[in-house]
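Q: Once you've had a glance at the structure underneath, I'll fire off some questions.
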Amino acid sequence: MNMPNDLQAPNEELRAAMLAVGEAACAAATSLARASTAAKNGALMAAAKALEEREKTILAANARDVKAARTEGNDDAFIDRLTLTAKAVDEMAAGLRQIATLPDPVGAITDLTYRPSGIQVGKMRVPLGVVAIIYESRPDVTADAGGLCLKAGNACILRGGSEAMHSNLAIAACLAEGLKEAGLPAAAIQLVETTDRAAVGELITMEGHIDVIVPRGGKGLIERISKDARVPVIKHLDGVCHVYVDASADVAMAVRIADNAKTQRYGTCNTMETLLVDRHIASAFLPEIGKVYAAKGVEMRGCAETRKYLPESKLASEDDWYAEYLAPIIAIRVVAGLDEAMAHIATFGSQHTDAIVTGNFAHAQRFLREVDSASVMVNASTRFADGFEFGLGAEIGISTNKLHARGPVGLEGLTSLKWVVLGDGHVRG
């Protein structure tokens with residue numbers, strides 16, 4: 001679709017174009033709501049095949065985007081999120097196939113019970129309708145979001161960042177091929193092809209055409225959308241994730257987890273940003289993890305007590321406890337025990353993902369119950385907070401909302417429930 005490229009105020013041509021996208025999505029959503037599971041799965045499998053067959057085309061398009069991003073001076077974390085590899089394309093295809101193997105939530109009736117009146121009352125899962133995903137940098141979101149929305153019976157409108165436009169177009173073409181082969185409407189997955197930022201302003205106010213907005217990107221983007229949207233938003237603002245090493249932790253296990261949680265990938269929202277260490281294990285643990293971080297070029301910023309064991313670390317400021325670095329930087333704090341660790345997480349965390357490394361069952365249970373985050377883990381890396389790793393096939397995003405969906409949002413998070421009543425001529429007395 002051809003749209004204006006003005007980066008400032010919206011105009012009537014843009015508004016009309018976005019309304020046309022919304023109207024097409026609404027019509028497609030009606031068709032998808034009644035589409036068979038076989039048709040949806042067929043589209044997903046065909047799209048996965050297309051991704052594999054067009055791998056070279058996708059990687060060439062991505063190379064154009066990466067080259068332009070480097071020329072514009074973007075940092076390493078940004079480039080990391082933007083870059084695709086052959087493995088990443090394979091994972092996108094695998095994600096679509098996994099979604100196809102998952103049970104179709106649409107139309108499932110649960111909790112069906114008889115009432116004293118003789119009627120049966122239960123709940124049925126239904127699509128949300130039209131989902132708009134607004135995202136930056138990460139072109140794999142195009143495949144994940146399109147696939148999940150399709151299986152859940154939703155039409156989706158994808159608005160990626162201009163920095164990934166070539167990549168997104170190449171991936172969206174594979175999704176379009178899947179829809180075509182399955183005989184599903186082309187408007188079921190639409191990629192907005194304008195780089196005009198005003199398009200976002202239009203999308204988030206299209207109450208009659210869009211049922212939910214999912215923003216995926218930097219804090220500034222998500223704050224703006226949350227503030228201005230007239231449509232419900234599924235979101236998280238920050239990924240200030242913690243690992244707490246309890247006094248009873250196995251040191252080797254703690255080193256392995258703290259290493260992976262921080263260094264397996266720096267630019268993701270489930271990467272650990274703050275490491276909390278019980279005072280009673282600090283002398284055994286900190287020098288060991290310090291060696292690992294130093295060898296990998298991770299800058300350490302610690303409290304005064306941390307610096308007794310890691311003198312090479314910089315003195316942390318209070319701002320460091322709030323920081324989502326998305327970079328090879330780690331904040332480290334020694335705490336008096338479990339209560340102080342959980343208090344720190346409650347004060348400085350973002351309710352995204354937090355983990356405890358412990359050999360104490362009671363401490364593990366308290367951490368699971370009392371830490372108010374979307375994902376809480378025992379003896380595992382925070383990097384597992386991911387839709388694919390959770391068995392969702394993929395994720396449309398991470399939610400720290402407490403209503404509707406929380407944590408990685410997969411198929412169930414993209415559906416709603418309605419009450420259904422089954423009777424046989426019953427009337428109320």
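Going by the structure tokens order, chains are called A, B, ..., each with residues numbered from 1, while ligands are numbered from 1 in the order shown.
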Compile the contact shell of segment 220-223 of chain A as an NGL selection string: residues with an atom at most 8 Å away, counting only C-alpha atoms, same-chain residues fewer than 3 positions apart removed.

A: :A and (215-217 or 226-227 or 235-237)

Q: List as JSON, numbers by chain the protein and nucleic acid residues near Gly290 of chain A, meaning an atom at most 9 Å away when only C-alpha atoms are counted, but skip any in the same chain fewer than 3 places from it.

A: {"A": [285, 286, 287, 293, 294, 295, 300, 309, 310, 312, 313]}

Q: Those same residues - C-alpha atoms - I'd like them written as a compact mmCIF listing (two decimals), in the first residue's frame.

A:
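File produced: again_31.txt:
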```txt
# COMPACT_ATOMS: atom_id res chain seq x y z
CA PHE A 285 30.32 -16.74 45.11
CA LEU A 286 31.28 -13.20 44.11
CA PRO A 287 34.94 -13.83 43.21
CA TYR A 293 32.06 -11.39 33.97
CA ALA A 294 35.55 -9.95 33.67
CA ALA A 295 36.49 -12.54 31.05
CA MET A 300 30.33 -4.58 37.17
CA TYR A 309 35.10 -9.02 47.03
CA LEU A 310 35.19 -7.40 43.59
CA GLU A 312 37.55 -3.98 40.15
CA SER A 313 33.82 -3.15 40.16
```

Q: Within 7 Å of segment 263-279 of chain A, counting only C-alpha atoms, which residues show up once you throw out same-chain ones fewer than 6 positions away? Write them as a PyMOL selection string, please.

A: chain A and resi 77+80-81+239-247+321+324-328+330-337+341+353+382-383+385

Q: Please identify which residues in segment 170-385 of chain A DSSP calls alpha helix (DSSP H) from the backbone, and express them as an NGL selection string.

A: :A and (170-182 or 198-203 or 219-228 or 251-263 or 282-295 or 304-309 or 318-322 or 338-348 or 361-370)

Q: My list of candidates is A:Leu417, A:Cys174, A:Leu422, A:Ala24. Which is closest to Pro105 of chain A when distances are computed with only C-alpha atoms?

A: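 Residue with the minimum atom-to-atom distance to Pro105 of chain A: A:Leu417.
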
Q: I'd like the interatomic distance between atom CA of Lys56 of chain A and atom CA of Thr85 of chain A, to a tenth of an Å.

A: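 Result for atom CA of Lys56 of chain A versus atom CA of Thr85 of chain A: 10.0 Å, one decimal.
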
Q: Taking only C-alpha atoms into account, name the residue in A:Leu169, A:Gly413, A:Lys291, A:Ala187 that is nearest to Pro311 of chain A.

A: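 Closest to Pro311 of chain A, using only C-alpha atoms: A:Lys291.
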
Q: Per DSSP on the backbone, filter segment 271-365 of chain A down to the residues in strand (DSSP E or B) and report them as a PyMOL selection string.

A: chain A and resi 272-278+299-302+314-315+329-335+353-357
